[in-house]
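Engineer: What follows is upload_30.pdb, made up of PDB, C-alpha atoms and all ligand atoms:
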MODEL        1
ATOM      1  CA  MET A   1     -42.573 -50.503  21.136
ATOM      2  CA  ASN A   2     -45.432 -48.167  21.950
ATOM      3  CA  LYS A   3     -44.352 -45.002  20.226
ATOM      4  CA  THR A   4     -46.840 -42.433  19.079
ATOM      5  CA  ALA A   5     -46.643 -41.643  15.368
ATOM      6  CA  VAL A   6     -49.241 -38.875  15.226
ATOM      7  CA  GLU A   7     -50.691 -36.623  17.882
ATOM      8  CA  ILE A   8     -53.696 -34.486  17.112
ATOM      9  CA  HIS A   9     -54.490 -31.770  19.646
ATOM     10  CA  ASP A  10     -57.741 -29.791  19.802
ATOM     11  CA  LEU A  11     -58.025 -29.714  16.042
ATOM     12  CA  VAL A  12     -60.760 -27.623  14.443
ATOM     13  CA  VAL A  13     -60.965 -27.404  10.648
ATOM     14  CA  ALA A  14     -63.455 -25.167   8.867
ATOM     15  CA  TYR A  15     -64.466 -24.380   5.308
ATOM     16  CA  ASN A  16     -65.657 -20.793   4.877
ATOM     17  CA  ARG A  17     -65.595 -20.441   8.655
ATOM     18  CA  LYS A  18     -67.984 -23.353   9.085
ATOM     19  CA  PRO A  19     -66.244 -26.059  11.135
ATOM     20  CA  VAL A  20     -66.474 -29.581   9.794
ATOM     21  CA  LEU A  21     -64.087 -31.052  12.374
ATOM     22  CA  TRP A  22     -64.505 -30.114  15.999
ATOM     23  CA  ASN A  23     -61.932 -30.441  18.791
ATOM     24  CA  ILE A  24     -60.288 -33.608  17.603
ATOM     25  CA  ASP A  25     -57.834 -35.082  20.082
ATOM     26  CA  ALA A  26     -56.175 -38.352  19.211
ATOM     27  CA  HIS A  27     -52.941 -40.290  19.478
ATOM     28  CA  LEU A  28     -52.116 -42.772  16.738
ATOM     29  CA  PRO A  29     -49.527 -45.438  17.556
ATOM     30  CA  ALA A  30     -46.490 -46.113  15.376
ATOM     31  CA  GLY A  31     -46.161 -49.335  13.424
ATOM     32  CA  LYS A  32     -49.892 -50.000  13.185
ATOM     33  CA  ILE A  33     -52.425 -50.160  10.384
ATOM     34  CA  ILE A  34     -55.019 -47.566  11.347
ATOM     35  CA  GLY A  35     -58.445 -47.071   9.787
ATOM     36  CA  ILE A  36     -60.369 -43.805   9.805
ATOM     37  CA  ILE A  37     -64.057 -44.555   9.438
ATOM     38  CA  GLY A  38     -67.249 -42.514   9.506
ATOM     39  CA  PRO A  39     -70.216 -41.624   7.293
ATOM     40  CA  ASN A  40     -70.086 -39.462   4.145
ATOM     41  CA  GLY A  41     -69.260 -35.909   5.117
ATOM     42  CA  ALA A  42     -67.784 -36.960   8.491
ATOM     43  CA  GLY A  43     -64.583 -35.075   7.705
ATOM     44  CA  LYS A  44     -62.263 -38.026   7.033
ATOM     45  CA  SER A  45     -60.621 -36.541   3.929
ATOM     46  CA  THR A  46     -60.554 -33.147   5.621
ATOM     47  CA  LEU A  47     -58.624 -34.672   8.505
ATOM     48  CA  ILE A  48     -56.092 -36.301   6.174
ATOM     49  CA  LYS A  49     -55.667 -33.046   4.243
ATOM     50  CA  ALA A  50     -55.167 -31.108   7.478
ATOM     51  CA  MET A  51     -52.574 -33.685   8.544
ATOM     52  CA  MET A  52     -50.757 -33.218   5.228
ATOM     53  CA  GLY A  53     -50.786 -29.435   5.608
ATOM     54  CA  LEU A  54     -53.074 -29.027   2.590
ATOM     55  CA  LEU A  55     -55.694 -27.295   4.750
ATOM     56  CA  LYS A  56     -54.871 -24.860   7.503
ATOM     57  CA  PRO A  57     -56.687 -25.677  10.743
ATOM     58  CA  ALA A  58     -58.778 -22.986  12.413
ATOM     59  CA  SER A  59     -57.103 -24.103  15.618
ATOM     60  CA  GLY A  60     -55.166 -26.975  17.135
ATOM     61  CA  ARG A  61     -52.031 -28.746  16.020
ATOM     62  CA  ILE A  62     -50.788 -32.007  14.604
ATOM     63  CA  LEU A  63     -47.437 -33.555  15.434
ATOM     64  CA  PHE A  64     -45.607 -36.403  13.709
ATOM     65  CA  PHE A  65     -43.100 -38.075  16.013
ATOM     66  CA  ASP A  66     -43.393 -35.012  18.283
ATOM     67  CA  LYS A  67     -42.618 -32.592  15.472
ATOM     68  CA  PRO A  68     -44.645 -30.380  13.137
ATOM     69  CA  LEU A  69     -44.983 -31.654   9.572
ATOM     70  CA  ASP A  70     -42.477 -29.147   8.167
ATOM     71  CA  GLU A  71     -39.688 -30.743  10.185
ATOM     72  CA  VAL A  72     -40.500 -34.306   9.196
ATOM     73  CA  ARG A  73     -42.069 -33.931   5.777
ATOM     74  CA  GLU A  74     -39.907 -36.558   4.135
ATOM     75  CA  ARG A  75     -41.057 -39.130   6.698
ATOM     76  CA  VAL A  76     -44.703 -38.692   5.696
ATOM     77  CA  ALA A  77     -46.173 -39.858   2.375
ATOM     78  CA  TYR A  78     -49.677 -39.287   1.050
ATOM     79  CA  VAL A  79     -51.845 -41.229  -1.379
ATOM     80  CA  PRO A  80     -54.726 -38.906  -2.341
ATOM     81  CA  GLN A  81     -58.232 -40.000  -3.183
ATOM     82  CA  ARG A  82     -58.255 -41.249  -6.751
ATOM     83  CA  GLU A  83     -61.052 -38.882  -7.802
ATOM     84  CA  SER A  84     -59.057 -35.862  -6.671
ATOM     85  CA  VAL A  85     -56.275 -36.468  -9.188
ATOM     86  CA  ASP A  86     -56.177 -35.167 -12.777
ATOM     87  CA  TRP A  87     -55.675 -38.453 -14.587
ATOM     88  CA  GLN A  88     -55.731 -36.729 -17.987
ATOM     89  CA  PHE A  89     -52.378 -35.128 -17.229
ATOM     90  CA  PRO A  90     -50.033 -36.419 -19.960
ATOM     91  CA  VAL A  91     -47.449 -38.392 -18.043
ATOM     92  CA  THR A  92     -46.302 -41.998 -18.022
ATOM     93  CA  VAL A  93     -46.666 -44.449 -15.166
ATOM     94  CA  PHE A  94     -42.890 -44.511 -14.666
ATOM     95  CA  ASP A  95     -42.672 -40.713 -14.424
ATOM     96  CA  VAL A  96     -45.537 -40.520 -11.922
ATOM     97  CA  VAL A  97     -43.587 -42.818  -9.628
ATOM     98  CA  LEU A  98     -40.330 -40.989 -10.237
ATOM     99  CA  MET A  99     -42.108 -37.748  -9.233
ATOM    100  CA  GLY A 100     -42.613 -39.265  -5.810
ATOM    101  CA  TRP A 101     -38.855 -39.627  -5.650
ATOM    102  CA  TYR A 102     -38.201 -36.017  -6.797
ATOM    103  CA  LYS A 103     -40.227 -34.981  -3.785
ATOM    104  CA  LYS A 104     -37.616 -36.671  -1.678
ATOM    105  CA  ILE A 105     -34.396 -35.801  -3.533
ATOM    106  CA  GLY A 106     -35.448 -32.339  -4.723
ATOM    107  CA  LEU A 107     -37.022 -31.365  -7.991
ATOM    108  CA  PHE A 108     -33.890 -30.022  -9.622
ATOM    109  CA  LYS A 109     -31.700 -33.050  -9.334
ATOM    110  CA  ASN A 110     -31.618 -35.290 -12.345
ATOM    111  CA  PRO A 111     -32.704 -38.801 -11.559
ATOM    112  CA  GLY A 112     -29.798 -41.190 -11.974
ATOM    113  CA  LYS A 113     -29.666 -44.906 -12.589
ATOM    114  CA  SER A 114     -30.233 -45.754  -8.928
ATOM    115  CA  ASP A 115     -33.303 -43.460  -8.818
ATOM    116  CA  ARG A 116     -34.729 -45.258 -11.830
ATOM    117  CA  GLU A 117     -34.005 -48.561 -10.168
ATOM    118  CA  LYS A 118     -36.012 -47.408  -7.134
ATOM    119  CA  ALA A 119     -38.963 -46.487  -9.351
ATOM    120  CA  LYS A 120     -38.706 -49.906 -10.987
ATOM    121  CA  GLN A 121     -38.739 -51.663  -7.612
ATOM    122  CA  ALA A 122     -41.731 -49.643  -6.390
ATOM    123  CA  LEU A 123     -43.669 -50.493  -9.560
ATOM    124  CA  GLU A 124     -42.728 -54.143  -9.241
ATOM    125  CA  LYS A 125     -44.053 -54.154  -5.677
ATOM    126  CA  VAL A 126     -47.508 -53.212  -6.929
ATOM    127  CA  ASP A 127     -47.175 -55.423 -10.010
ATOM    128  CA  MET A 128     -47.318 -52.489 -12.442
ATOM    129  CA  TYR A 129     -43.830 -52.445 -13.964
ATOM    130  CA  GLN A 130     -45.104 -53.856 -17.233
ATOM    131  CA  TYR A 131     -47.254 -50.712 -17.612
ATOM    132  CA  ARG A 132     -44.344 -48.304 -17.037
ATOM    133  CA  ASP A 133     -44.571 -46.580 -20.447
ATOM    134  CA  ARG A 134     -48.358 -46.222 -20.428
ATOM    135  CA  GLN A 135     -50.022 -42.854 -20.012
ATOM    136  CA  ILE A 136     -51.793 -42.757 -16.650
ATOM    137  CA  SER A 137     -55.035 -41.764 -18.396
ATOM    138  CA  GLN A 138     -55.003 -45.187 -20.047
ATOM    139  CA  LEU A 139     -55.119 -47.206 -16.838
ATOM    140  CA  SER A 140     -58.074 -48.708 -15.026
ATOM    141  CA  GLY A 141     -59.054 -47.284 -11.636
ATOM    142  CA  GLY A 142     -57.399 -50.110  -9.717
ATOM    143  CA  GLN A 143     -54.209 -49.756 -11.780
ATOM    144  CA  GLN A 144     -54.157 -46.010 -11.119
ATOM    145  CA  GLN A 145     -54.463 -46.734  -7.428
ATOM    146  CA  ARG A 146     -51.525 -49.146  -7.562
ATOM    147  CA  VAL A 147     -49.377 -46.554  -9.361
ATOM    148  CA  PHE A 148     -50.163 -43.944  -6.728
ATOM    149  CA  ILE A 149     -49.223 -46.365  -4.017
ATOM    150  CA  ALA A 150     -45.910 -47.037  -5.800
ATOM    151  CA  ARG A 151     -45.389 -43.275  -5.923
ATOM    152  CA  ALA A 152     -45.763 -43.144  -2.139
ATOM    153  CA  LEU A 153     -43.675 -46.286  -1.560
ATOM    154  CA  ILE A 154     -40.674 -44.813  -3.359
ATOM    155  CA  GLN A 155     -40.593 -42.052  -0.742
ATOM    156  CA  ASP A 156     -39.660 -44.676   1.845
ATOM    157  CA  ALA A 157     -41.544 -42.746   4.521
ATOM    158  CA  ASP A 158     -42.393 -43.838   8.064
ATOM    159  CA  ILE A 159     -46.007 -42.697   7.995
ATOM    160  CA  TYR A 160     -48.332 -43.262   5.044
ATOM    161  CA  LEU A 161     -51.673 -41.485   4.769
ATOM    162  CA  MET A 162     -54.012 -43.073   2.257
ATOM    163  CA  ASP A 163     -57.390 -41.644   1.316
ATOM    164  CA  GLU A 164     -59.685 -44.521   0.356
ATOM    165  CA  PRO A 165     -57.142 -46.762  -1.401
ATOM    166  CA  PHE A 166     -59.711 -49.556  -1.618
ATOM    167  CA  ALA A 167     -62.439 -47.516  -3.312
ATOM    168  CA  GLY A 168     -63.485 -49.031  -6.629
ATOM    169  CA  VAL A 169     -60.687 -51.614  -6.833
ATOM    170  CA  ASP A 170     -61.217 -55.257  -7.708
ATOM    171  CA  ALA A 171     -60.649 -58.147  -5.310
ATOM    172  CA  SER A 172     -57.105 -58.865  -6.495
ATOM    173  CA  THR A 173     -56.025 -55.225  -6.143
ATOM    174  CA  GLU A 174     -57.670 -55.092  -2.718
ATOM    175  CA  LYS A 175     -55.707 -58.155  -1.670
ATOM    176  CA  ALA A 176     -52.457 -56.736  -3.088
ATOM    177  CA  ILE A 177     -52.913 -53.405  -1.288
ATOM    178  CA  LEU A 178     -53.813 -55.146   1.952
ATOM    179  CA  GLU A 179     -50.748 -57.394   1.789
ATOM    180  CA  LEU A 180     -48.566 -54.399   1.116
ATOM    181  CA  MET A 181     -50.060 -52.549   4.082
ATOM    182  CA  LYS A 182     -49.453 -55.499   6.373
ATOM    183  CA  GLU A 183     -45.874 -55.761   5.144
ATOM    184  CA  MET A 184     -45.397 -52.046   5.829
ATOM    185  CA  GLY A 185     -46.770 -52.535   9.359
ATOM    186  CA  GLU A 186     -44.326 -55.388   9.912
ATOM    187  CA  GLN A 187     -41.502 -53.057   8.865
ATOM    188  CA  GLY A 188     -42.590 -50.633  11.596
ATOM    189  CA  LYS A 189     -44.315 -48.180   9.257
ATOM    190  CA  THR A 190     -47.537 -46.494  10.297
ATOM    191  CA  VAL A 191     -50.304 -46.724   7.716
ATOM    192  CA  ILE A 192     -53.360 -44.499   8.167
ATOM    193  CA  VAL A 193     -56.216 -45.281   5.834
ATOM    194  CA  VAL A 194     -59.580 -43.622   5.211
ATOM    195  CA  HIS A 195     -61.952 -46.529   4.769
ATOM    196  CA  HIS A 196     -65.608 -47.123   3.994
ATOM    197  CA  ASP A 197     -66.304 -50.798   4.145
ATOM    198  CA  LEU A 198     -67.356 -51.660   7.696
ATOM    199  CA  GLN A 199     -67.301 -55.360   6.885
ATOM    200  CA  THR A 200     -63.526 -55.384   6.458
ATOM    201  CA  VAL A 201     -62.562 -53.082   9.348
ATOM    202  CA  MET A 202     -61.736 -55.891  11.733
ATOM    203  CA  ASP A 203     -59.676 -57.804   9.220
ATOM    204  CA  PHE A 204     -57.748 -54.811   7.918
ATOM    205  CA  PHE A 205     -56.985 -52.589  10.900
ATOM    206  CA  ASP A 206     -55.149 -52.897  14.223
ATOM    207  CA  TRP A 207     -56.484 -49.565  15.337
ATOM    208  CA  VAL A 208     -59.487 -47.498  14.347
ATOM    209  CA  MET A 209     -60.508 -43.882  14.550
ATOM    210  CA  MET A 210     -64.292 -43.372  14.437
ATOM    211  CA  LEU A 211     -65.243 -39.923  13.270
ATOM    212  CA  ASN A 212     -68.356 -37.910  12.648
ATOM    213  CA  GLN A 213     -67.220 -34.306  12.687
ATOM    214  CA  ARG A 214     -66.255 -35.050  16.293
ATOM    215  CA  LEU A 215     -64.114 -37.928  17.409
ATOM    216  CA  VAL A 216     -66.349 -40.747  18.656
ATOM    217  CA  ALA A 217     -63.601 -43.223  19.522
ATOM    218  CA  CYS A 218     -59.987 -44.028  18.800
ATOM    219  CA  GLY A 219     -58.283 -47.207  19.951
ATOM    220  CA  LYS A 220     -57.549 -50.847  19.281
ATOM    221  CA  THR A 221     -60.102 -52.204  16.849
ATOM    222  CA  GLN A 222     -61.354 -54.908  19.187
ATOM    223  CA  ASP A 223     -61.896 -52.334  21.951
ATOM    224  CA  VAL A 224     -63.601 -49.488  20.081
ATOM    225  CA  PHE A 225     -65.342 -51.103  17.116
ATOM    226  CA  ILE A 226     -68.439 -51.822  19.215
ATOM    227  CA  GLU A 227     -72.152 -51.223  18.800
ATOM    228  CA  LYS A 228     -72.368 -48.069  20.881
ATOM    229  CA  ASN A 229     -69.548 -46.390  18.979
ATOM    230  CA  LEU A 230     -70.943 -47.513  15.632
ATOM    231  CA  ASN A 231     -74.315 -46.026  16.549
ATOM    232  CA  ASP A 232     -72.710 -42.818  17.754
ATOM    233  CA  THR A 233     -70.665 -42.571  14.572
ATOM    234  CA  TYR A 234     -73.324 -43.459  12.023
ATOM    235  CA  GLY A 235     -76.424 -42.506  14.057
ATOM    236  CA  GLY A 236     -79.768 -42.765  12.287
ATOM    237  CA  LYS A 237     -77.930 -42.576   8.975
ATOM    238  CA  LEU A 238     -76.653 -46.088   9.376
ATOM    239  CA  THR A 239     -78.534 -47.993   6.720
ATOM    240  CA  LEU A 240     -76.076 -50.706   7.539
ATOM    241  CA  LEU A 241     -77.644 -51.408  10.927
ATOM    242  CA  ASN A 242     -78.450 -54.956   9.858
ATOM    243  CA  GLU A 243     -74.877 -55.413   8.802
ATOM    244  CA  VAL A 244     -73.697 -54.107  12.147
ATOM    245  CA  GLY A 245     -75.251 -57.082  13.911
ATOM    246  CA  GLN A 246     -73.253 -59.421  11.691
ATOM    247  CA  ILE A 247     -70.093 -57.390  12.047
ATOM    248  CA  LEU A 248     -70.322 -57.357  15.804
ATOM    249  CA  SER A 249     -71.089 -61.022  16.142
ATOM    250  CA  LYS A 250     -67.890 -61.523  14.159
ATOM    251  CA  ASN A 251     -66.138 -59.151  16.591
ATOM    252  CA  GLN A 252     -67.099 -61.382  19.485
ATOM    253  CA  MET A 253     -65.106 -64.175  17.938
ATOM    254  CA  PRO A 254     -61.699 -64.661  19.559
ATOM    255  CA  GLN A 255     -59.328 -62.052  18.116
ATOM    256  CA  ARG A 256     -55.679 -62.470  17.435
ATOM    257  CA  GLU A 257     -53.588 -60.272  19.706
ATOM    258  CA  LYS A 258     -52.683 -57.034  17.933
TER     259      LYS A 258
HETATM  260  N1  LIG A 301     -63.573 -27.501  -0.359
HETATM  261  C1  LIG A 301     -64.659 -27.537   0.438
HETATM  262  N2  LIG A 301     -65.397 -26.419   0.636
HETATM  263  C2  LIG A 301     -66.484 -26.431   1.451
HETATM  264  N3  LIG A 301     -66.909 -27.525   2.103
HETATM  265  C3  LIG A 301     -66.228 -28.666   1.930
HETATM  266  C4  LIG A 301     -65.062 -28.726   1.089
HETATM  267  N4  LIG A 301     -64.576 -29.995   1.101
HETATM  268  C5  LIG A 301     -65.405 -30.694   1.921
HETATM  269  N5  LIG A 301     -66.388 -29.894   2.414
HETATM  270  C6  LIG A 301     -67.440 -30.302   3.358
HETATM  271  O1  LIG A 301     -66.822 -30.731   4.562
HETATM  272  C7  LIG A 301     -67.491 -31.870   5.095
HETATM  273  C8  LIG A 301     -66.491 -32.996   5.259
HETATM  274  O2  LIG A 301     -66.060 -33.431   3.976
HETATM  275  P1  LIG A 301     -64.995 -34.606   3.785
HETATM  276  O3  LIG A 301     -64.750 -34.731   2.318
HETATM  277  O4  LIG A 301     -63.840 -34.365   4.665
HETATM  278  O5  LIG A 301     -65.822 -35.846   4.340
HETATM  279  P2  LIG A 301     -65.520 -37.399   4.208
HETATM  280  O6  LIG A 301     -65.755 -37.975   5.561
HETATM  281  O7  LIG A 301     -64.178 -37.617   3.598
HETATM  282  O8  LIG A 301     -66.693 -37.835   3.236
HETATM  283  P3  LIG A 301     -66.817 -39.010   2.144
HETATM  284  O9  LIG A 301     -66.933 -40.293   2.910
HETATM  285  O10 LIG A 301     -68.096 -38.672   1.457
HETATM  286  O11 LIG A 301     -65.602 -38.947   1.245
HETATM  287  C9  LIG A 301     -68.643 -32.176   4.139
HETATM  288  O12 LIG A 301     -69.814 -31.609   4.650
HETATM  289  C10 LIG A 301     -68.211 -31.488   2.861
HETATM  290  O13 LIG A 301     -69.351 -31.067   2.124
ENDMDL
END
The structure given in the file should be rewritten as structure tokens.
Structural biologist:
Amino acid sequence: MNKTAVEIHDLVVAYNRKPVLWNIDAHLPAGKIIGIIGPNGAGKSTLIKAMMGLLKPASGRILFFDKPLDEVRERVAYVPQRESVDWQFPVTVFDVVLMGWYKKIGLFKNPGKSDREKAKQALEKVDMYQYRDRQISQLSGGQQQRVFIARALIQDADIYLMDEPFAGVDASTEKAILELMKEMGEQGKTVIVVHHDLQTVMDFFDWVMMLNQRLVACGKTQDVFIEKNLNDTYGGKLTLLNEVGQILSKNQMPQREK
């Protein structure tokens, strides 16, 4: 199966008329775990927000399974950056997850027993069911991240957009999120993840989109995650140049077929 999950055509996104993303053209395949990487300010979050319809592009269009977002909204779920969420909002863990379900069934339907069961299962998947009655403000950063992932999981979407799910989480949460992502990929879901840690790119992602206001490269990780593209993406700003040598020598190791 080589279906395209997301097509981005000639996308330009601007804040106050100043473009931060220029002429982005990319095709993202279905059923893959896809990383979006690039330096601070590259426009990664802006791209995700434009994909989710939270920002209106200056020009261009984005299609999900050949259709605009409005026609396929329930097939697309979003996990925002943790810092962008008001964690002081007085709501329990269980209700945060259930809210993800209201998005799917409609806000004005009362959740029934089976809806609650779904919320329970989603929380169990991220190992957070025991915290169901806790206020979200009383969770650690990694726990908050898990709850937000459960909130997206309950939507049973086909495409998941995640903005830095690994930021500030401990090793066990990182492992849990990664396993979940791989499981989602195996189920044919497309998982698109804004990511910062270059060291883990090759282990985490089948496909990678390298961005610095313009698209530098987009393709299978073993094909595009190469020195030239890393230099073009991070330029002189790459304080990680030493790391790049190590990363690339790892990349020359035999890769499993993806
Ligand atoms: N609401 C906004 N108003 C004006 N400019 C913005 C706004 N949000 C982001 N920007 C600018 O747009 C550019 C891209 O920001 P964006 O947050 O998309 O980058 P990013 O690649 O996600 O960065 P980071 O890795 O630091 O999270 C930056 O120069 C940023 O300052």
Engineer: List all protein, DNA and RNA residues that have at least one atom no more than 10 Å from any atom of ligand LIG 301 (chain A), counting all atoms listed in the file, and write them as a PDB file with C-alpha atoms, in the coordinates of the input.
Structural biologist:
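Everything below was put into result-v9.pdb:
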ATOM      1  CA  VAL A  13     -60.965 -27.404  10.648  1.00  0.00           C
ATOM      2  CA  ALA A  14     -63.455 -25.167   8.867  1.00  0.00           C
ATOM      3  CA  TYR A  15     -64.466 -24.380   5.308  1.00  0.00           C
ATOM      4  CA  ASN A  16     -65.657 -20.793   4.877  1.00  0.00           C
ATOM      5  CA  ARG A  17     -65.595 -20.441   8.655  1.00  0.00           C
ATOM      6  CA  LYS A  18     -67.984 -23.353   9.085  1.00  0.00           C
ATOM      7  CA  PRO A  19     -66.244 -26.059  11.135  1.00  0.00           C
ATOM      8  CA  VAL A  20     -66.474 -29.581   9.794  1.00  0.00           C
ATOM      9  CA  LEU A  21     -64.087 -31.052  12.374  1.00  0.00           C
ATOM     10  CA  ILE A  36     -60.369 -43.805   9.805  1.00  0.00           C
ATOM     11  CA  ILE A  37     -64.057 -44.555   9.438  1.00  0.00           C
ATOM     12  CA  GLY A  38     -67.249 -42.514   9.506  1.00  0.00           C
ATOM     13  CA  PRO A  39     -70.216 -41.624   7.293  1.00  0.00           C
ATOM     14  CA  ASN A  40     -70.086 -39.462   4.145  1.00  0.00           C
ATOM     15  CA  GLY A  41     -69.260 -35.909   5.117  1.00  0.00           C
ATOM     16  CA  ALA A  42     -67.784 -36.960   8.491  1.00  0.00           C
ATOM     17  CA  GLY A  43     -64.583 -35.075   7.705  1.00  0.00           C
ATOM     18  CA  LYS A  44     -62.263 -38.026   7.033  1.00  0.00           C
ATOM     19  CA  SER A  45     -60.621 -36.541   3.929  1.00  0.00           C
ATOM     20  CA  THR A  46     -60.554 -33.147   5.621  1.00  0.00           C
ATOM     21  CA  LEU A  47     -58.624 -34.672   8.505  1.00  0.00           C
ATOM     22  CA  ILE A  48     -56.092 -36.301   6.174  1.00  0.00           C
ATOM     23  CA  LYS A  49     -55.667 -33.046   4.243  1.00  0.00           C
ATOM     24  CA  ALA A  50     -55.167 -31.108   7.478  1.00  0.00           C
ATOM     25  CA  LEU A  55     -55.694 -27.295   4.750  1.00  0.00           C
ATOM     26  CA  GLN A  81     -58.232 -40.000  -3.183  1.00  0.00           C
ATOM     27  CA  ASP A 163     -57.390 -41.644   1.316  1.00  0.00           C
ATOM     28  CA  GLU A 164     -59.685 -44.521   0.356  1.00  0.00           C
ATOM     29  CA  VAL A 194     -59.580 -43.622   5.211  1.00  0.00           C
ATOM     30  CA  HIS A 195     -61.952 -46.529   4.769  1.00  0.00           C
ATOM     31  CA  HIS A 196     -65.608 -47.123   3.994  1.00  0.00           C
ATOM     32  CA  LEU A 211     -65.243 -39.923  13.270  1.00  0.00           C
ATOM     33  CA  ASN A 212     -68.356 -37.910  12.648  1.00  0.00           C
ATOM     34  CA  GLN A 213     -67.220 -34.306  12.687  1.00  0.00           C
TER      35      GLN A 213
END
Engineer: With distances taken over only C-alpha atoms, which of A:Leu180, A:Leu63, A:Val12, A:Asp232 is nearest to A:His27?
Structural biologist: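 Smallest separation from A:His27 among the options: A:Leu63.
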Engineer: Just so the selection is clear, what residues does the PyMOL selection byres (((chain A and resi 120) around 12) and not hetatm) cover here, as a count of residues only?
Structural biologist: 32
Engineer: Choose the residue, out of A:Met52, A:Ile34, A:Val224, A:Met162, that has the smallest atom-to-atom separation from A:Val72; count all atoms listed in the file.
Structural biologist: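 Closest candidate: A:Met52.
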Engineer: Taking 3 positions as the minimum chain separation for residues in the same chain, which residues sit within 10 Å of A:Met184 when counting all atoms listed in the file? Answer as an MDAnalysis selection string.
Structural biologist: chainID A and resid 31:33 153 158:160 178:181 187:191
Engineer: Give me, please, the distance in Å between atom CA of A:Pro165 and atom CA of A:Glu227, quoted to one decimal.
Structural biologist: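 Distance between the two atoms: 25.6 Å.
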Engineer: Point out the residue among A:Ala58, A:Leu28, A:Ala176, A:Val85 with the least atom-to-atom distance to A:Ser137, counting all atoms listed in the file.
Structural biologist: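 Answer, going by the shortest atom-to-atom distance: A:Val85.
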Engineer: Please write as a list in words the full residue list that the PyMOL selection byres (((chain A and resi 25) around 12) and not hetatm) yields on this file.
Structural biologist: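 Taken on the displayed file, the PyMOL selection byres (((chain A and resi 25) around 12) and not hetatm) yields the residues Val6, Glu7, Ile8, His9, Asp10, Leu11, Val12, Leu21, Trp22, Asn23, Ile24, Ala26, His27, Leu28, Leu47, Ser59, Gly60, Arg61, Ile62, Leu63, Met209, Met210, Leu211, Gln213, Arg214, Leu215, Val216, Ala217 and Cys218 of chain A.
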Engineer: Please provide as an NGL selection string all residues within 10 Å of A:Arg82, with the sequence filter that same-chain residues fewer than 6 positions apart are discarded (counting all atoms listed in the file).
Structural biologist: :A and (141-142 or 144-145 or 148 or 163-168)
Engineer: I'd like the interatomic distance between atom CA of A:Thr221 and atom CA of A:Gln199, to a tenth of an Å.
Structural biologist: 12.7 Å
Engineer: At what distance in Å, to one decimal, does atom CA of A:Pro29 lie from atom CA of A:Val208?
Structural biologist: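 One can read the atom CA of A:Val208 to atom CA of A:Pro29 distance as 10.7 Å.
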Engineer: Would you mind putting back N, CA and C atoms on stretch 113-125 of chain A, then writing it out as an mmCIF file, in the frame of the given file?
Structural biologist:
data_model
loop_
_atom_site.group_PDB
_atom_site.id
_atom_site.type_symbol
_atom_site.label_atom_id
_atom_site.label_comp_id
_atom_site.auth_asym_id
_atom_site.auth_seq_id
_atom_site.Cartn_x
_atom_site.Cartn_y
_atom_site.Cartn_z
ATOM 1 N N LYS A 113 -29.322 -43.507 -12.382
ATOM 2 C CA LYS A 113 -29.666 -44.906 -12.589
ATOM 3 C C LYS A 113 -30.295 -45.513 -11.323
ATOM 4 N N SER A 114 -29.726 -45.145 -10.160
ATOM 5 C CA SER A 114 -30.233 -45.754 -8.928
ATOM 6 C C SER A 114 -31.646 -45.242 -8.621
ATOM 7 N N ASP A 115 -31.944 -43.982 -9.027
ATOM 8 C CA ASP A 115 -33.303 -43.460 -8.818
ATOM 9 C C ASP A 115 -34.304 -44.240 -9.681
ATOM 10 N N ARG A 116 -33.852 -44.504 -10.915
ATOM 11 C CA ARG A 116 -34.729 -45.258 -11.830
ATOM 12 C C ARG A 116 -34.940 -46.680 -11.305
ATOM 13 N N GLU A 117 -33.900 -47.215 -10.734
ATOM 14 C CA GLU A 117 -34.005 -48.561 -10.168
ATOM 15 C C GLU A 117 -35.034 -48.574 -9.027
ATOM 16 N N LYS A 118 -35.047 -47.497 -8.238
ATOM 17 C CA LYS A 118 -36.012 -47.408 -7.134
ATOM 18 C C LYS A 118 -37.437 -47.367 -7.670
ATOM 19 N N ALA A 119 -37.623 -46.590 -8.751
ATOM 20 C CA ALA A 119 -38.963 -46.487 -9.351
ATOM 21 C C ALA A 119 -39.390 -47.857 -9.878
ATOM 22 N N LYS A 120 -38.423 -48.564 -10.464
ATOM 23 C CA LYS A 120 -38.706 -49.906 -10.987
ATOM 24 C C LYS A 120 -39.154 -50.825 -9.844
ATOM 25 N N GLN A 121 -38.402 -50.779 -8.745
ATOM 26 C CA GLN A 121 -38.739 -51.663 -7.612
ATOM 27 C C GLN A 121 -40.121 -51.341 -7.042
ATOM 28 N N ALA A 122 -40.428 -50.034 -6.956
ATOM 29 C CA ALA A 122 -41.731 -49.643 -6.390
ATOM 30 C C ALA A 122 -42.861 -50.138 -7.300
ATOM 31 N N LEU A 123 -42.638 -50.022 -8.619
ATOM 32 C CA LEU A 123 -43.669 -50.493 -9.560
ATOM 33 C C LEU A 123 -43.792 -52.013 -9.521
ATOM 34 N N GLU A 124 -42.664 -52.682 -9.334
ATOM 35 C CA GLU A 124 -42.728 -54.143 -9.241
ATOM 36 C C GLU A 124 -43.514 -54.572 -8.001
ATOM 37 N N LYS A 125 -43.364 -53.814 -6.924
ATOM 38 C CA LYS A 125 -44.053 -54.154 -5.677
ATOM 39 C C LYS A 125 -45.576 -54.155 -5.840
#
